[in-house]
Amino acid sequence: MAIFTVNNVEMVACAVTLGECHHVIDDEPQYYEKNPVLLHRLKSIVGMGERYVAAPDTSAADLCHDAAHRLLEAVCCPPSSIGAIVSVTQTPDQNMPGNAHVLHHRLGLSKTASAHDLNMGCSGFVYGLSVAAMLAEHGVDNILLVAGDTLSHRVDPADRAVAPLFGDAGCATLLRYMPGAEPLYFLLGADGDGLDVIQMPTEGGFFSMNGYEVFRFSMLVQPDMLTQMLEYSGHSQEQIDYFVFHQANRYIVHTVASKAGISEERVPSDIFSRYGNLSSVSIPAVLCGSLADKLACRKSKVVLQGFGVGLSWAACQITLNMPLCLAPLPLRLRWTVFFAMFRYRA
């Protein structure tokens with residue numbers, strides 16, 4: 001397990017773009033056997049509700065590109081000022097080059113900007129954050145971290161245990177070197193013995209997941225990871241404003257919070273019900289979709305935790321100094337609003 005600290009780095013802003021196709025579990029009787037009792041159980045216990053998936057011709061890079069474009073525009077940061085781009089995805093647009101290079105081209109980044117690809121899942125945002133933060137700490141300014149997946153393209157629609165869980169999304173996060181910024185504390189772990197718990201073939205075949213093993217793994221790893229994170233940073237639970245756990249489903253989030261003795265108001269759990277399991281984007285979706293207004297008001301200490309394919313797990317304690325967190329928007333809605341504004345101005 002890797003435990004380390006990164007200094008003088010600040011998260012400036014974050015944006016999330018959702019897939020453009022809206023699904024509601026109530027309208028998908030094939031996933032609850034047309035049984036209203038089962039539907040109620042799925043909604044009340046697991047937290048199933050709505051999700052957004054990408055159209056067949058929409059890729060992970062499309063979603064990340066839109067989020068990055070919105071982000072850079074909002075903070076008035078020209079692409080030429082980006083020193084590095086870090087991309088996290090399990091569903092790249094092509095085998096090679098990776099999505100970091102695809103987005104390097106599409107965003108028009110400078111040839112002096114380096115590109116870094118990580119093949120990670122639900123722990124990937126924190127893993128990517130650690131890479132981006134280390135680059136920033138060592139003098140690379142304006143690091144763009146993008147993460148996103150289109151897992152719905154690789155899920156068997158007839159698989160009732162998996163298909164209604166996952167949404168598609170892309171995110172972009174901007175980090176900068178900031179002398180005097182409070183430390184970021186990281187804990188990263190992996191267990192290759194769990195290769196077959198969550199997997200997806202290279203060519204053809206569907207994404208598969210052993211739900212029971214994932215739940216068991218999350219219950220074993222997450223509480224211990226939180227304890228180790230706080231011991232390492234020297235903080236108590238009471239000193240942390242918010243705990244942002246990967247939104248695999250609402251039941252897992254509530255169970256981990258209960259085992260750790262954390263009050264529900266400090267552990268957002270609504271993102272799964274609103275957008276589905278967004279893989280590496282679920283943590284930034286909480287920042288942008290549940291906590292944006294609260295984070296904008298004052299400096300906040302936040303713990304981020306992800307777990308998933310690998311098996312892998314990752315945690316970060318970060319102090320957020322009123323970052324700009326843009327509300328999640330479906331891909332085409334964003335362009336519809338843009339063109340409507342253009343016509344109005346004309």
# chains A, B, ... in the order shown; residues from 1 in each chain; ligands from 1
>>> residues_around(residues="segment 284-298 of chain A", least_positions_apart="2", cutoff="6 Å", atoms="only C-alpha atoms", output="compact mmCIF listing (two decimals) with N, CA and C atoms, in the first residue's frame")
# COMPACT_ATOMS: atom_id res chain seq x y z
N VAL A 281 -16.26 8.71 -12.21
CA VAL A 281 -16.84 10.06 -12.15
C VAL A 281 -17.76 10.24 -10.94
N SER A 282 -18.02 9.18 -10.19
CA SER A 282 -19.01 9.31 -9.11
C SER A 282 -18.53 10.28 -8.02
N MET A 322 -12.85 26.61 -1.59
CA MET A 322 -13.96 27.18 -2.37
C MET A 322 -13.77 27.00 -3.88
N CYS A 325 -17.41 24.34 -8.76
CA CYS A 325 -17.92 23.02 -9.15
C CYS A 325 -19.16 23.23 -10.01
N LEU A 326 -19.02 22.95 -11.30
CA LEU A 326 -20.11 23.19 -12.24
C LEU A 326 -21.15 22.08 -12.16
N ALA A 327 -22.42 22.46 -12.23
CA ALA A 327 -23.50 21.48 -12.14
C ALA A 327 -23.41 20.46 -13.27
>>> residues_around(residues="Leu103 of chain A", least_positions_apart="3", cutoff="9 Å", atoms="only C-alpha atoms", output="list in words")
Ala61, Asp62, Cys64, His65, Ile85, Ser87, Gly98, Asn99, Ala100, Arg106, Leu107, Gly108 and Leu109 of chain A
>>> select_by_dssp(residues="segment 88-163 of chain A", states="strand (DSSP E or B)", output="PyMOL selection string")
chain A and resi 88+114-118+143-149
>>> write_last_selection(atoms="N, CA and C atoms", output="PDB file, in the first residue's frame")
ATOM      1  N   VAL A  88      -8.181   9.156 -17.129  1.00  0.00           N
ATOM      2  CA  VAL A  88      -8.529   7.903 -16.461  1.00  0.00           C
ATOM      3  C   VAL A  88      -9.760   7.319 -17.142  1.00  0.00           C
ATOM      4  N   SER A 114       2.438  17.476 -21.352  1.00  0.00           N
ATOM      5  CA  SER A 114       2.573  16.012 -21.357  1.00  0.00           C
ATOM      6  C   SER A 114       1.204  15.352 -21.246  1.00  0.00           C
ATOM      7  N   ALA A 115       1.112  14.078 -21.659  1.00  0.00           N
ATOM      8  CA  ALA A 115      -0.145  13.323 -21.631  1.00  0.00           C
ATOM      9  C   ALA A 115       0.065  12.004 -20.900  1.00  0.00           C
ATOM     10  N   HIS A 116      -0.851  11.680 -19.994  1.00  0.00           N
ATOM     11  CA  HIS A 116      -0.703  10.503 -19.135  1.00  0.00           C
ATOM     12  C   HIS A 116      -2.023   9.732 -19.107  1.00  0.00           C
ATOM     13  N   ASP A 117      -1.968   8.422 -19.370  1.00  0.00           N
ATOM     14  CA  ASP A 117      -3.158   7.573 -19.380  1.00  0.00           C
ATOM     15  C   ASP A 117      -3.129   6.572 -18.240  1.00  0.00           C
ATOM     16  N   LEU A 118      -4.283   6.418 -17.565  1.00  0.00           N
ATOM     17  CA  LEU A 118      -4.454   5.418 -16.514  1.00  0.00           C
ATOM     18  C   LEU A 118      -5.674   4.569 -16.835  1.00  0.00           C
ATOM     19  N   ILE A 143      -2.712  21.463 -14.253  1.00  0.00           N
ATOM     20  CA  ILE A 143      -2.874  20.056 -14.606  1.00  0.00           C
ATOM     21  C   ILE A 143      -4.360  19.785 -14.841  1.00  0.00           C
ATOM     22  N   LEU A 144      -4.680  19.215 -15.981  1.00  0.00           N
ATOM     23  CA  LEU A 144      -6.056  18.873 -16.299  1.00  0.00           C
ATOM     24  C   LEU A 144      -6.246  17.366 -16.097  1.00  0.00           C
ATOM     25  N   LEU A 145      -7.066  17.005 -15.130  1.00  0.00           N
ATOM     26  CA  LEU A 145      -7.401  15.607 -14.866  1.00  0.00           C
ATOM     27  C   LEU A 145      -8.774  15.326 -15.459  1.00  0.00           C
ATOM     28  N   VAL A 146      -8.836  14.382 -16.391  1.00  0.00           N
ATOM     29  CA  VAL A 146     -10.120  13.980 -16.969  1.00  0.00           C
ATOM     30  C   VAL A 146     -10.358  12.509 -16.655  1.00  0.00           C
ATOM     31  N   ALA A 147     -11.607  12.169 -16.410  1.00  0.00           N
ATOM     32  CA  ALA A 147     -11.964  10.782 -16.127  1.00  0.00           C
ATOM     33  C   ALA A 147     -13.348  10.529 -16.688  1.00  0.00           C
ATOM     34  N   GLY A 148     -13.563   9.324 -17.189  1.00  0.00           N
ATOM     35  CA  GLY A 148     -14.892   9.033 -17.707  1.00  0.00           C
ATOM     36  C   GLY A 148     -14.973   7.676 -18.357  1.00  0.00           C
ATOM     37  N   ASP A 149     -16.198   7.161 -18.421  1.00  0.00           N
ATOM     38  CA  ASP A 149     -16.442   5.856 -19.020  1.00  0.00           C
ATOM     39  C   ASP A 149     -17.801   5.811 -19.696  1.00  0.00           C
TER      40      ASP A 149
END
>>> closest_residue(among="A:Asp168, A:Glu10, A:Glu73, A:Glu265", to="Asn277 of chain A", atoms="only C-alpha atoms")
A:Asp168
>>> residues_around(residues="Tyr52 of chain A", least_positions_apart="4", cutoff="10 Å", atoms="only C-alpha atoms", output="PyMOL selection string")
chain A and resi 17-24+152+166-169+274-278+329-331
>>> closest_residue(among="A:Ala190, A:Cys77, A:Leu320, A:Ile252", to="Val46 of chain A", atoms="only C-alpha atoms")
A:Ile252
>>> residues_around(residues="Val253 of chain A", least_positions_apart="3", cutoff="12 Å", atoms="only C-alpha atoms", output="PyMOL selection string")
chain A and resi 45-47+215+218-219+222-223+243-250+256-260+262-264+266-273+277+282-283+305-307
>>> atom_distance(atom1="atom CA of Met96 of chain A", atom2="atom CA of Gly204 of chain A")
17.0 Å
>>> select_by_dssp(residues="segment 33-259 of chain A", states="alpha helix (DSSP H)", output="ChimeraX atom specification")
/A:36-41,60-74,99-107,124-137,211-233,250-259
>>> residues_around(residues="Ser123 of chain A", least_positions_apart="3", cutoff="7 Å", atoms="only C-alpha atoms", output="ChimeraX atom specification")
/A:120,126-127,280,306-308,312-314
>>> write_last_selection(atoms="N, CA and C atoms", output="PDB file, in the first residue's frame")
ATOM      1  N   MET A 120      -8.103   2.674 -15.106  1.00  0.00           N
ATOM      2  CA  MET A 120      -8.626   2.445 -13.762  1.00  0.00           C
ATOM      3  C   MET A 120     -10.136   2.593 -13.782  1.00  0.00           C
ATOM      4  N   VAL A 126      -9.339   9.070  -7.686  1.00  0.00           N
ATOM      5  CA  VAL A 126      -8.342   9.356  -6.646  1.00  0.00           C
ATOM      6  C   VAL A 126      -6.945   8.973  -7.125  1.00  0.00           C
ATOM      7  N   TYR A 127      -6.827   7.848  -7.835  1.00  0.00           N
ATOM      8  CA  TYR A 127      -5.534   7.487  -8.417  1.00  0.00           C
ATOM      9  C   TYR A 127      -5.058   8.585  -9.371  1.00  0.00           C
ATOM     10  N   SER A 280     -15.506   6.082 -12.286  1.00  0.00           N
ATOM     11  CA  SER A 280     -14.526   7.056 -11.795  1.00  0.00           C
ATOM     12  C   SER A 280     -15.086   8.463 -11.656  1.00  0.00           C
ATOM     13  N   GLY A 306     -12.535   5.748  -3.123  1.00  0.00           N
ATOM     14  CA  GLY A 306     -13.034   4.939  -4.226  1.00  0.00           C
ATOM     15  C   GLY A 306     -12.537   3.510  -4.106  1.00  0.00           C
ATOM     16  N   PHE A 307     -13.256   2.574  -4.706  1.00  0.00           N
ATOM     17  CA  PHE A 307     -12.850   1.171  -4.692  1.00  0.00           C
ATOM     18  C   PHE A 307     -13.445   0.502  -5.918  1.00  0.00           C
ATOM     19  N   GLY A 308     -12.761  -0.540  -6.425  1.00  0.00           N
ATOM     20  CA  GLY A 308     -13.338  -1.226  -7.563  1.00  0.00           C
ATOM     21  C   GLY A 308     -12.365  -2.144  -8.274  1.00  0.00           C
ATOM     22  N   SER A 312      -8.924  -2.682  -6.475  1.00  0.00           N
ATOM     23  CA  SER A 312      -8.138  -1.517  -6.080  1.00  0.00           C
ATOM     24  C   SER A 312      -8.952  -0.627  -5.155  1.00  0.00           C
ATOM     25  N   TRP A 313      -8.246   0.180  -4.374  1.00  0.00           N
ATOM     26  CA  TRP A 313      -8.898   1.139  -3.492  1.00  0.00           C
ATOM     27  C   TRP A 313      -7.995   2.347  -3.333  1.00  0.00           C
ATOM     28  N   ALA A 314      -8.615   3.488  -3.056  1.00  0.00           N
ATOM     29  CA  ALA A 314      -7.842   4.730  -2.965  1.00  0.00           C
ATOM     30  C   ALA A 314      -8.591   5.745  -2.131  1.00  0.00           C
TER      31      ALA A 314
END
>>> closest_residue(among="A:Val214, A:Val9, A:Cys171, A:Leu38", to="Gly139 of chain A", atoms="only C-alpha atoms")
A:Val9
>>> atom_distance(atom1="atom CA of Leu165 of chain A", atom2="atom CA of Met229 of chain A")
28.5 Å
>>> residues_around(residues="Pro164 of chain A", least_positions_apart="2", cutoff="9 Å", atoms="only C-alpha atoms", output="ChimeraX atom specification")
/A:23,25,28,31,48,51,157,159-162,166-167,276
>>> atom_distance(atom1="atom CA of Cys76 of chain A", atom2="atom CA of Ser59 of chain A")
25.8 Å
>>> closest_residue(among="A:Tyr212, A:His254, A:Gly192, A:Val303", to="Thr227 of chain A", atoms="only C-alpha atoms")
A:Val303
>>> decode(residues="segment 15-37 of chain A", atoms="N, CA and C atoms", output="PDB file, in the first residue's frame")
ATOM      1  N   ALA A  15     -15.841  19.868 -13.316  1.00  0.00           N
ATOM      2  CA  ALA A  15     -17.055  19.840 -14.135  1.00  0.00           C
ATOM      3  C   ALA A  15     -17.384  18.405 -14.506  1.00  0.00           C
ATOM      4  N   VAL A  16     -18.668  18.110 -14.665  1.00  0.00           N
ATOM      5  CA  VAL A  16     -19.137  16.774 -15.018  1.00  0.00           C
ATOM      6  C   VAL A  16     -20.130  16.869 -16.168  1.00  0.00           C
ATOM      7  N   THR A  17     -19.941  16.033 -17.188  1.00  0.00           N
ATOM      8  CA  THR A  17     -20.890  15.915 -18.291  1.00  0.00           C
ATOM      9  C   THR A  17     -21.446  14.500 -18.312  1.00  0.00           C
ATOM     10  N   LEU A  18     -22.770  14.398 -18.360  1.00  0.00           N
ATOM     11  CA  LEU A  18     -23.463  13.114 -18.334  1.00  0.00           C
ATOM     12  C   LEU A  18     -23.787  12.639 -19.747  1.00  0.00           C
ATOM     13  N   GLY A  19     -24.037  11.340 -19.876  1.00  0.00           N
ATOM     14  CA  GLY A  19     -24.559  10.828 -21.135  1.00  0.00           C
ATOM     15  C   GLY A  19     -25.890  11.486 -21.464  1.00  0.00           C
ATOM     16  N   GLU A  20     -26.249  11.519 -22.728  1.00  0.00           N
ATOM     17  CA  GLU A  20     -27.416  12.303 -23.154  1.00  0.00           C
ATOM     18  C   GLU A  20     -28.739  11.549 -23.122  1.00  0.00           C
ATOM     19  N   CYS A  21     -28.722  10.250 -22.821  1.00  0.00           N
ATOM     20  CA  CYS A  21     -29.950   9.444 -22.830  1.00  0.00           C
ATOM     21  C   CYS A  21     -30.414   9.185 -21.395  1.00  0.00           C
ATOM     22  N   HIS A  22     -31.607   9.659 -21.073  1.00  0.00           N
ATOM     23  CA  HIS A  22     -32.137   9.595 -19.714  1.00  0.00           C
ATOM     24  C   HIS A  22     -32.983   8.336 -19.533  1.00  0.00           C
ATOM     25  N   HIS A  23     -32.688   7.555 -18.476  1.00  0.00           N
ATOM     26  CA  HIS A  23     -33.440   6.340 -18.179  1.00  0.00           C
ATOM     27  C   HIS A  23     -33.987   6.420 -16.750  1.00  0.00           C
ATOM     28  N   VAL A  24     -35.177   5.885 -16.554  1.00  0.00           N
ATOM     29  CA  VAL A  24     -35.812   5.820 -15.235  1.00  0.00           C
ATOM     30  C   VAL A  24     -36.177   4.361 -14.960  1.00  0.00           C
ATOM     31  N   ILE A  25     -35.806   3.848 -13.812  1.00  0.00           N
ATOM     32  CA  ILE A  25     -36.004   2.433 -13.506  1.00  0.00           C
ATOM     33  C   ILE A  25     -37.485   2.048 -13.569  1.00  0.00           C
ATOM     34  N   ASP A  26     -38.385   2.955 -13.220  1.00  0.00           N
ATOM     35  CA  ASP A  26     -39.819   2.663 -13.274  1.00  0.00           C
ATOM     36  C   ASP A  26     -40.271   2.281 -14.681  1.00  0.00           C
ATOM     37  N   ASP A  27     -39.589   2.830 -15.676  1.00  0.00           N
ATOM     38  CA  ASP A  27     -39.975   2.591 -17.069  1.00  0.00           C
ATOM     39  C   ASP A  27     -39.245   1.403 -17.692  1.00  0.00           C
ATOM     40  N   GLU A  28     -38.554   0.616 -16.867  1.00  0.00           N
ATOM     41  CA  GLU A  28     -37.783  -0.526 -17.367  1.00  0.00           C
ATOM     42  C   GLU A  28     -38.200  -1.798 -16.624  1.00  0.00           C
ATOM     43  N   PRO A  29     -39.429  -2.269 -16.875  1.00  0.00           N
ATOM     44  CA  PRO A  29     -39.959  -3.426 -16.111  1.00  0.00           C
ATOM     45  C   PRO A  29     -39.139  -4.694 -16.274  1.00  0.00           C
ATOM     46  N   GLN A  30     -38.326  -4.771 -17.331  1.00  0.00           N
ATOM     47  CA  GLN A  30     -37.508  -5.974 -17.530  1.00  0.00           C
ATOM     48  C   GLN A  30     -36.483  -6.146 -16.414  1.00  0.00           C
ATOM     49  N   TYR A  31     -36.181  -5.065 -15.683  1.00  0.00           N
ATOM     50  CA  TYR A  31     -35.176  -5.146 -14.628  1.00  0.00           C
ATOM     51  C   TYR A  31     -35.775  -5.423 -13.243  1.00  0.00           C
ATOM     52  N   TYR A  32     -37.097  -5.375 -13.128  1.00  0.00           N
ATOM     53  CA  TYR A  32     -37.692  -5.727 -11.841  1.00  0.00           C
ATOM     54  C   TYR A  32     -38.833  -6.728 -12.026  1.00  0.00           C
ATOM     55  N   GLU A  33     -38.784  -7.463 -13.141  1.00  0.00           N
ATOM     56  CA  GLU A  33     -39.707  -8.564 -13.418  1.00  0.00           C
ATOM     57  C   GLU A  33     -41.169  -8.118 -13.362  1.00  0.00           C
ATOM     58  N   LYS A  34     -41.413  -6.851 -13.663  1.00  0.00           N
ATOM     59  CA  LYS A  34     -42.765  -6.277 -13.634  1.00  0.00           C
ATOM     60  C   LYS A  34     -43.426  -6.444 -12.264  1.00  0.00           C
ATOM     61  N   ASN A  35     -42.580  -6.525 -11.233  1.00  0.00           N
ATOM     62  CA  ASN A  35     -43.054  -6.750  -9.872  1.00  0.00           C
ATOM     63  C   ASN A  35     -42.916  -5.458  -9.075  1.00  0.00           C
ATOM     64  N   PRO A  36     -44.018  -4.799  -8.713  1.00  0.00           N
ATOM     65  CA  PRO A  36     -43.925  -3.521  -7.998  1.00  0.00           C
ATOM     66  C   PRO A  36     -43.263  -3.644  -6.625  1.00  0.00           C
ATOM     67  N   VAL A  37     -43.364  -4.804  -6.003  1.00  0.00           N
ATOM     68  CA  VAL A  37     -42.710  -5.003  -4.694  1.00  0.00           C
ATOM     69  C   VAL A  37     -41.194  -4.997  -4.869  1.00  0.00           C
TER      70      VAL A  37
END
